[in-house]
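*Asks:* Got a structure for you, query.txt, holding compact mmCIF, C-alpha atoms.
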# COMPACT_ATOMS: atom_id res chain seq x y z
CA MET A 16 14.93 -9.16 2.03
CA THR A 17 15.31 -12.26 -0.11
CA PHE A 18 12.86 -15.08 -0.73
CA ARG A 19 14.43 -18.51 -1.13
CA THR A 20 12.29 -20.66 -3.31
CA GLY A 21 13.74 -24.10 -2.53
CA ARG A 22 10.95 -26.61 -2.98
CA ILE A 23 8.19 -24.09 -2.31
CA PRO A 24 6.10 -23.41 -5.45
CA PRO A 25 6.50 -19.84 -6.75
CA HIS A 26 2.78 -19.08 -6.46
CA VAL A 27 2.84 -20.06 -2.77
CA LEU A 28 5.70 -17.64 -2.16
CA THR A 29 3.78 -14.90 -3.96
CA VAL A 30 0.64 -15.51 -1.90
CA GLY A 31 2.74 -15.50 1.26
CA ALA A 32 4.41 -12.23 0.29
CA VAL A 33 1.04 -10.60 -0.44
CA SER A 34 -0.50 -11.87 2.82
CA PHE A 35 2.41 -10.57 4.89
CA THR A 36 2.20 -7.20 3.15
CA VAL A 37 -1.54 -6.84 3.79
CA PHE A 38 -1.27 -7.60 7.50
CA ALA A 39 1.84 -5.43 7.94
CA TRP A 40 0.25 -2.47 6.16
CA ALA A 41 -2.94 -2.87 8.19
CA SER A 42 -0.94 -2.70 11.41
CA ALA A 43 0.77 0.46 10.10
CA PHE A 44 -2.49 2.44 10.25
CA VAL A 45 -2.78 1.68 13.97
CA SER A 46 0.89 2.43 14.69
CA ILE A 47 0.70 5.73 12.82
CA ARG A 48 -2.33 6.73 14.85
CA SER A 49 -0.44 5.94 18.07
CA ALA A 50 2.93 7.50 17.15
CA GLY A 51 1.25 10.53 15.57
CA ALA A 52 0.21 11.77 18.99
CA ALA A 53 3.86 12.54 19.79
CA TYR A 54 5.44 13.16 16.36
CA SER A 55 4.43 15.63 13.67
CA PRO A 56 3.71 14.18 10.20
CA GLY A 57 7.05 15.11 8.63
CA ALA A 58 9.13 14.05 11.62
CA LEU A 59 7.32 10.72 11.85
CA ALA A 60 7.86 10.11 8.13
CA LEU A 61 11.58 10.87 8.40
CA GLY A 62 12.05 8.67 11.47
CA ARG A 63 10.18 5.81 9.84
CA LEU A 64 12.18 6.04 6.62
CA LEU A 65 15.50 6.35 8.47
CA ALA A 66 14.78 3.12 10.35
CA ALA A 67 13.70 1.42 7.11
CA SER A 68 16.77 2.64 5.21
CA LEU A 69 19.04 1.25 7.92
CA VAL A 70 17.43 -2.20 7.68
CA LEU A 71 17.31 -2.22 3.89
CA GLY A 72 20.89 -0.97 3.59
CA THR A 73 22.04 -3.77 5.88
CA LEU A 74 20.17 -6.32 3.76
CA LEU A 75 21.78 -4.92 0.61
CA LEU A 76 25.24 -5.37 2.12
CA ILE A 77 24.46 -8.90 3.32
CA ARG A 78 23.13 -9.90 -0.09
CA GLY A 79 25.93 -8.13 -1.96
CA GLN A 80 23.50 -6.22 -4.18
CA GLY A 81 24.87 -2.93 -5.45
CA LEU A 82 23.29 -0.17 -7.48
CA PRO A 83 20.43 -1.12 -9.81
CA PRO A 84 20.85 -0.50 -13.56
CA ARG A 85 20.38 3.00 -14.93
CA GLU A 86 17.07 2.02 -16.56
CA ALA A 87 15.51 1.39 -13.13
CA TRP A 88 16.26 4.81 -11.64
CA ARG A 89 13.35 6.70 -13.17
CA GLY A 90 10.87 4.44 -11.40
CA ILE A 91 12.95 4.42 -8.23
CA LEU A 92 13.12 8.20 -7.97
CA LEU A 93 9.43 8.70 -8.75
CA SER A 94 8.21 6.05 -6.32
CA GLY A 95 10.64 7.28 -3.66
CA VAL A 96 9.46 10.89 -3.77
CA VAL A 97 5.75 10.29 -4.42
CA TRP A 98 5.11 7.04 -2.52
CA PHE A 99 7.69 6.70 0.24
CA CYS A 100 7.82 10.42 1.04
CA GLY A 101 4.55 11.96 -0.18
CA TYR A 102 2.25 9.10 0.76
CA THR A 103 3.79 8.74 4.21
CA ILE A 104 3.51 12.43 5.10
CA ALA A 105 -0.05 12.73 3.76
CA LEU A 106 -1.19 9.64 5.64
CA ASN A 107 0.53 10.71 8.87
CA TRP A 108 -1.19 14.10 8.65
CA GLY A 109 -4.53 12.60 7.69
CA GLU A 110 -4.53 10.17 10.62
CA ARG A 111 -4.20 13.10 13.03
CA LEU A 112 -7.66 14.17 11.83
CA VAL A 113 -9.51 10.89 11.20
CA ASP A 114 -9.43 7.50 12.92
CA ALA A 115 -7.31 4.61 11.67
CA GLY A 116 -10.24 2.65 10.23
CA THR A 117 -11.55 5.61 8.25
CA ALA A 118 -8.06 6.38 6.93
CA SER A 119 -7.64 2.82 5.67
CA LEU A 120 -11.04 2.90 3.95
CA LEU A 121 -10.13 6.11 2.11
CA VAL A 122 -6.64 4.97 1.15
CA ASN A 123 -8.20 1.80 -0.18
CA THR A 124 -9.56 3.72 -3.16
CA GLY A 125 -5.95 3.61 -4.34
CA PRO A 126 -6.22 0.23 -6.10
CA ILE A 127 -8.86 1.58 -8.48
CA LEU A 128 -6.62 4.53 -9.34
CA MET A 129 -3.76 2.08 -9.67
CA ALA A 130 -5.68 -0.01 -12.19
CA LEU A 131 -6.53 3.10 -14.21
CA LEU A 132 -2.91 4.25 -14.28
CA ALA A 133 -1.68 0.76 -15.09
CA ALA A 134 -4.09 0.60 -18.02
CA ARG A 135 -2.99 3.97 -19.33
CA LEU A 136 0.76 3.70 -18.76
CA LEU A 137 1.51 -0.04 -18.65
CA GLY A 138 -1.06 -1.34 -21.13
CA GLU A 139 -2.95 -3.48 -18.61
CA SER A 140 -6.60 -4.24 -19.37
CA LEU A 141 -9.30 -1.73 -18.41
CA PRO A 142 -12.72 -3.47 -18.45
CA PRO A 143 -15.96 -1.45 -18.23
CA ARG A 144 -16.64 -2.89 -14.78
CA LEU A 145 -13.62 -1.00 -13.50
CA LEU A 146 -15.21 2.32 -14.46
CA VAL A 147 -18.45 1.35 -12.68
CA GLY A 148 -16.51 0.26 -9.62
CA MET A 149 -14.61 3.54 -9.57
CA ALA A 150 -17.88 5.48 -9.53
CA VAL A 151 -19.25 3.40 -6.64
CA SER A 152 -16.05 3.77 -4.64
CA PHE A 153 -16.00 7.52 -5.26
CA ALA A 154 -19.55 7.71 -3.90
CA GLY A 155 -18.34 5.82 -0.84
CA ALA A 156 -15.51 8.31 -0.33
CA VAL A 157 -18.07 11.16 -0.49
CA VAL A 158 -20.20 9.43 2.18
CA VAL A 159 -17.14 9.00 4.38
CA GLY A 160 -16.32 12.68 3.95
CA LEU A 161 -19.87 13.74 4.87
CA SER A 162 -19.87 11.51 7.94
CA MET A 163 -16.57 12.98 9.13
CA SER A 164 -17.78 16.57 8.64
CA SER A 165 -21.11 16.16 10.44
CA GLY A 166 -19.85 17.19 13.89
CA ASP A 167 -17.76 19.89 15.51
CA GLY A 168 -14.63 20.80 13.70
CA GLY A 169 -16.03 19.41 10.48
CA SER A 170 -13.70 21.43 8.26
CA THR A 171 -10.72 19.80 9.93
CA SER A 172 -12.21 16.38 9.31
CA VAL A 173 -12.75 17.23 5.65
CA LEU A 174 -9.06 18.10 5.45
CA GLY A 175 -8.23 14.69 6.95
CA VAL A 176 -10.36 12.97 4.32
CA ALA A 177 -8.68 14.98 1.56
CA LEU A 178 -5.22 14.07 2.86
CA CYS A 179 -6.08 10.36 2.95
CA LEU A 180 -7.37 10.54 -0.61
CA LEU A 181 -4.15 12.33 -1.60
CA ALA A 182 -2.25 9.47 0.02
CA ALA A 183 -4.27 7.03 -2.11
CA VAL A 184 -3.23 8.89 -5.27
CA ALA A 185 0.42 8.83 -4.19
CA TYR A 186 0.16 5.12 -3.40
CA ALA A 187 -1.27 4.29 -6.83
CA THR A 188 1.28 6.47 -8.63
CA GLY A 189 4.19 4.92 -6.74
CA VAL A 190 3.14 1.35 -7.52
CA VAL A 191 2.73 2.04 -11.23
CA ALA A 192 6.12 3.79 -11.28
CA GLN A 193 7.77 0.81 -9.57
CA LYS A 194 6.41 -1.83 -11.96
CA PRO A 195 8.73 -1.07 -14.95
CA ALA A 196 11.74 -0.64 -12.64
CA LEU A 197 11.35 -4.25 -11.48
CA SER A 198 12.26 -5.38 -14.99
CA TYR A 199 15.81 -4.15 -14.37
CA GLY A 200 16.47 -4.53 -10.63
CA THR A 201 15.68 -6.96 -7.82
CA PRO A 202 12.78 -6.29 -5.40
CA LEU A 203 15.31 -5.54 -2.65
CA GLN A 204 17.21 -3.05 -4.81
CA ILE A 205 14.08 -1.23 -5.95
CA THR A 206 12.66 -1.04 -2.43
CA ALA A 207 15.93 0.00 -0.78
CA TYR A 208 16.79 2.80 -3.17
CA SER A 209 13.18 4.02 -3.35
CA CYS A 210 13.20 4.19 0.45
CA LEU A 211 16.54 6.01 0.45
CA THR A 212 15.15 8.51 -2.07
CA GLY A 213 12.13 9.10 0.15
CA THR A 214 14.42 9.59 3.15
CA VAL A 215 16.42 12.26 1.33
CA ALA A 216 13.18 14.00 0.33
CA CYS A 217 12.13 14.07 4.01
CA LEU A 218 15.41 15.57 5.28
CA PRO A 219 13.87 19.07 5.66
CA PHE A 220 12.03 17.64 8.69
CA THR A 221 15.28 16.74 10.48
CA GLY A 222 14.98 19.66 12.89
CA GLN A 223 11.45 18.66 13.88
CA LEU A 224 12.46 15.05 14.46
CA PHE A 225 15.37 15.93 16.75
CA ALA A 226 13.23 18.46 18.64
CA GLU A 227 10.40 15.98 19.24
CA LEU A 228 12.47 12.86 19.91
CA PRO A 229 13.49 13.72 23.51
CA LYS A 230 9.91 14.65 24.45
CA ALA A 231 8.18 11.64 22.89
CA PRO A 232 7.21 8.68 25.10
CA ALA A 233 9.03 5.42 24.50
CA SER A 234 5.88 3.77 23.10
CA ALA A 235 5.63 6.39 20.33
CA THR A 236 9.28 6.01 19.39
CA LEU A 237 8.98 2.22 19.35
CA ASN A 238 5.95 2.53 17.08
CA MET A 239 7.97 4.76 14.75
CA ILE A 240 10.78 2.20 14.62
CA TYR A 241 8.25 -0.60 14.05
CA LEU A 242 6.80 1.38 11.15
CA GLY A 243 10.24 1.57 9.59
CA VAL A 244 11.22 -2.07 10.08
CA VAL A 245 8.03 -4.06 9.40
CA PRO A 246 5.46 -2.12 7.31
CA THR A 247 8.21 -0.32 5.33
CA ALA A 248 11.47 -2.28 5.06
CA LEU A 249 10.01 -5.79 5.10
CA ALA A 250 6.49 -5.28 3.76
CA PHE A 251 7.49 -2.97 0.90
CA THR A 252 10.07 -5.57 -0.16
CA SER A 253 7.51 -8.38 -0.07
CA TRP A 254 5.18 -6.11 -2.06
CA THR A 255 7.75 -5.49 -4.78
CA TYR A 256 8.49 -9.23 -4.87
CA ALA A 257 4.81 -9.88 -5.63
CA LEU A 258 4.58 -6.88 -7.99
CA ALA A 259 7.34 -8.37 -10.13
CA ARG A 260 5.16 -11.47 -10.58
CA MET A 261 1.62 -10.01 -10.89
CA PRO A 262 -0.11 -7.21 -12.84
CA ALA A 263 -0.26 -3.99 -10.81
CA GLY A 264 -4.06 -3.77 -11.00
CA LYS A 265 -4.59 -7.33 -9.87
CA LEU A 266 -2.11 -7.03 -7.02
CA GLY A 267 -3.79 -3.82 -5.88
CA ALA A 268 -7.01 -5.77 -5.37
CA THR A 269 -5.34 -7.80 -2.61
CA THR A 270 -5.17 -4.74 -0.37
CA TYR A 271 -8.96 -4.58 -0.17
CA ALA A 272 -8.76 -6.65 3.01
CA VAL A 273 -6.73 -3.94 4.76
CA PRO A 274 -9.66 -1.79 6.05
CA ALA A 275 -11.39 -4.72 7.73
CA ILE A 276 -8.16 -5.70 9.48
CA VAL A 277 -7.50 -2.09 10.48
CA VAL A 278 -10.98 -1.65 11.98
CA LEU A 279 -10.46 -4.79 14.08
CA LEU A 280 -6.97 -3.72 15.18
CA SER A 281 -8.01 -0.14 15.97
CA TRP A 282 -10.99 -1.44 17.97
CA ALA A 283 -8.80 -3.87 19.92
CA LEU A 284 -5.76 -1.61 20.46
CA LEU A 285 -7.07 1.97 20.25
CA GLY A 286 -10.74 1.64 21.15
CA GLU A 287 -11.75 3.31 17.86
CA VAL A 288 -14.83 2.18 15.96
CA PRO A 289 -16.00 4.26 12.97
CA ALA A 290 -19.58 5.60 13.03
CA TRP A 291 -22.26 3.74 11.09
CA LEU A 292 -22.28 6.31 8.26
CA THR A 293 -18.51 6.00 7.95
CA LEU A 294 -18.87 2.23 7.78
CA LEU A 295 -21.56 2.62 5.11
CA GLY A 296 -19.20 4.73 3.04
CA GLY A 297 -16.47 2.15 3.57
CA VAL A 298 -18.79 -0.61 2.40
CA LEU A 299 -19.49 1.40 -0.76
CA CYS A 300 -15.75 1.84 -1.30
CA LEU A 301 -15.17 -1.89 -1.02
CA ALA A 302 -18.28 -2.71 -3.08
CA GLY A 303 -16.97 -0.55 -5.89
CA VAL A 304 -13.64 -2.30 -5.70
CA ALA A 305 -15.37 -5.69 -5.77
CA VAL A 306 -17.37 -4.68 -8.85
CA SER A 307 -14.24 -3.46 -10.58
CA ARG A 308 -12.39 -6.74 -9.99
CA TYR A 309 -15.27 -9.14 -10.67
CA THR A 310 -14.62 -11.49 -13.58
CA ARG A 311 -17.39 -13.65 -14.98
CA ARG A 312 -16.30 -17.14 -15.90
CA SER A 313 -17.05 -17.99 -19.49
CA PRO A 314 -19.25 -21.08 -19.85
CA ARG A 315 -17.61 -24.16 -21.28
CA THR A 316 -19.20 -25.54 -24.41
CA PRO A 317 -19.24 -29.28 -25.16
CA ASP A 318 -17.20 -30.65 -28.03
CA ARG A 319 -18.60 -32.67 -30.91
CA ASP A 320 -18.89 -35.76 -28.73
CA GLY A 321 -20.93 -33.87 -26.14
CA ARG A 322 -18.13 -33.78 -23.57
CA LEU A 323 -17.00 -30.69 -21.73
CA PRO A 324 -13.36 -29.83 -22.43
CA SER A 325 -10.94 -30.18 -19.53
CA VAL A 326 -9.66 -27.02 -17.91
CA ARG A 327 -5.95 -26.68 -17.23
CA THR A 328 -4.90 -24.79 -14.17
Mind turning the file's structure into structure tokens?
*Replies:*
Amino acid sequence: MTFRTGRIPPHVLTVGAVSFTVFAWASAFVSIRSAGAAYSPGALALGRLLAASLVLGTLLLIRGQGLPPREAWRGILLSGVVWFCGYTIALNWGERLVDAGTASLLVNTGPILMALLAARLLGESLPPRLLVGMAVSFAGAVVVGLSMSSGDGGSTSVLGVALCLLAAVAYATGVVAQKPALSYGTPLQITAYSCLTGTVACLPFTGQLFAELPKAPASATLNMIYLGVVPTALAFTSWTYALARMPAGKLGATTYAVPAIVVLLSWALLGEVPAWLTLLGGVLCLAGVAVSRYTRRSPRTPDRDGRLPSVRT
């Protein structure tokens, strides 16, 4: 996937890439919930990544982009195994046990973890508000976990919450691993070879995929293909395009809109609405994120003539 700048300002392209990613990833939570009824977590992950690898490989050939430099491979391999493979399997499994809206709320603790890792490994700033926000979001995740374990089969629901939180950790780790790799390769290269790495890591589930494919309804298979083409091949490329132009922590904050979109989509398409206690926990998660990303504008002081200095944007 390539973005042609032309006469479009770079910041407009970046905002467009981020917006597309957010909506595509929100739709993924709903599609996973639907396809997961017919495919096991590993098989669904492999089918999704196979479809994505096919699209990304075709784009690589069309664009004539070969292998990325050797310096990029450490980030590619780590993000491929942890993010593309690990995150996908954990989220697929988690969404078999919790609804799509709850899963998105839990995964959305990932940006806070991302900011912490980026501060530690990439030297990005780590303001005190981020630590406060992390504590608030963690409290929200606890509330979500309690709400999901309050009924029958509570232990299973707790496992679903734990898997979604594990997916959040994998998500944050994969993003931070990708950031340095983008200094050496193009967004398409990094995404394509990370996806291919994840596909190879999921190959042990080949038997499950071929056993479940003939039995699955067409709607589930189409959802699996959609997951590979749009939320993975296209949206991961648009994400890496934006990641090459923004700090990892700041970009992670843009995904805070995902849970709200997921709740609306799951209500409209799946008839799922999280309970009020789950929503309360989700609000705490998002409130913590908002606190962590809040930046107070410094007041402008007048110069010697009593005039406020102009601000360049």
*Asks:* What separation in Å, quoted to one decimal, exists between atom CA of Thr117 of chain A and atom CA of Thr214 of chain A?
*Replies:*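 The value is 26.8 Å.
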*Asks:* Around the point (-18.1, 1.5, -2.1) (coordinates from the file), which residues reach within 10 Å if we count all atoms listed in the file? Answer as a list in words.
*Replies:* Leu120, Thr124, Gly148, Met149, Ala150, Val151, Ser152, Phe153, Ala154, Gly155, Ala156, Val157, Val158, Val159, Leu294, Leu295, Gly296, Gly297, Val298, Leu299, Cys300, Leu301, Ala302, Gly303, Val304, Ala305 and Val306 of chain A
*Asks:* Counting all atoms listed in the file, figure out which residue out of A:Ala115, A:Ala290, A:Val245, A:Ile91 gets nearest to Gly51 of chain A.
*Replies:*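 Once distances to Gly51 of chain A are computed over all atoms listed in the file, the minimum belongs to A:Ala115.
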*Asks:* At most 7 Å is the cut-off: for each residue in segment 91-151 of chain A with any atom that close to an atom of segment 246-265 of chain A, write down the nearest atom pair and the distance in Å rounded to one decimal, counting only C-alpha atoms, chain first then increasing number, as JSON lines.
*Replies:*
{"residue": "A:Pro126", "atom": "CA", "partner": "A:Gly264", "partner_atom": "CA", "distance": 6.7}
{"residue": "A:Met129", "atom": "CA", "partner": "A:Gly264", "partner_atom": "CA", "distance": 6.0}
{"residue": "A:Ala130", "atom": "CA", "partner": "A:Gly264", "partner_atom": "CA", "distance": 4.3}
{"residue": "A:Ala133", "atom": "CA", "partner": "A:Ala263", "partner_atom": "CA", "distance": 6.5}
*Asks:* Quick one: distance from atom CA of Trp108 of chain A to atom CA of Leu65 of chain A in Å, one decimal?
*Replies:*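 These atoms are spaced 18.4 Å apart.
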*Asks:* Atom CA of Leu211 of chain A and atom CA of Leu137 of chain A are how many Å apart?
*Replies:*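 Distance between the two atoms: 25.0 Å.
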*Asks:* Neighbourhood query: residues within 8 Å of (7.8, 5.3, -7.5), file coordinates, counting only C-alpha atoms; return as a list in words.
*Replies:*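 Here the neighbourhood of the point contains Gly90, Ile91, Leu92, Leu93, Ser94, Gly95, Val96, Val97, Trp98, Phe99, Thr188, Gly189, Val190, Val191, Ala192, Gln193 and Ser209 of chain A.
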*Asks:* Dump as JSON lines the rows for residues of segment 56-114 of chain A within 8 Å of segment 43-50 of chain A: closest atom pair and distance in Å with one decimal, all atoms listed in the file counted, ordered by chain and rising residue number.
*Replies:*
{"residue": "A:Leu59", "atom": "CA", "partner": "A:Ala50", "partner_atom": "CA", "distance": 7.6}
{"residue": "A:Asn107", "atom": "CA", "partner": "A:Ile47", "partner_atom": "CA", "distance": 6.4}
{"residue": "A:Glu110", "atom": "CA", "partner": "A:Arg48", "partner_atom": "CA", "distance": 5.9}
{"residue": "A:Arg111", "atom": "CA", "partner": "A:Arg48", "partner_atom": "CA", "distance": 6.9}
{"residue": "A:Asp114", "atom": "CA", "partner": "A:Arg48", "partner_atom": "CA", "distance": 7.4}
*Asks:* Just the selected residues (C-alpha atoms), exported as a compact mmCIF listing (two decimals), in the frame of the given file, please.
*Replies:*
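The new file out28.txt reads:
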# COMPACT_ATOMS: atom_id res chain seq x y z
CA LEU A 59 7.32 10.72 11.85
CA ASN A 107 0.53 10.71 8.87
CA GLU A 110 -4.53 10.17 10.62
CA ARG A 111 -4.20 13.10 13.03
CA ASP A 114 -9.43 7.50 12.92
*Asks:* When you count all atoms listed in the file, which of these residues is closest to Tyr199 of chain A: A:Ser42, A:Ala67, A:Thr73, A:Ala87?
*Replies:*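 Closest residue, counting all atoms listed in the file: A:Ala87.
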*Asks:* In terms of the shortest atom-to-atom distance over all atoms listed in the file, which of A:Phe225, A:Phe220, A:Tyr102, A:Tyr208 is closest to Val184 of chain A?
*Replies:*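 Ranked by minimum distance to Val184 of chain A, first place goes to A:Tyr102.
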*Asks:* Which of these, A:Cys100, A:Leu266, A:Arg63, A:Ile127, has the shortest distance to Ser34 of chain A once you count all atoms listed in the file?
*Replies:*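 Ranked by minimum distance to Ser34 of chain A, first place goes to A:Leu266.
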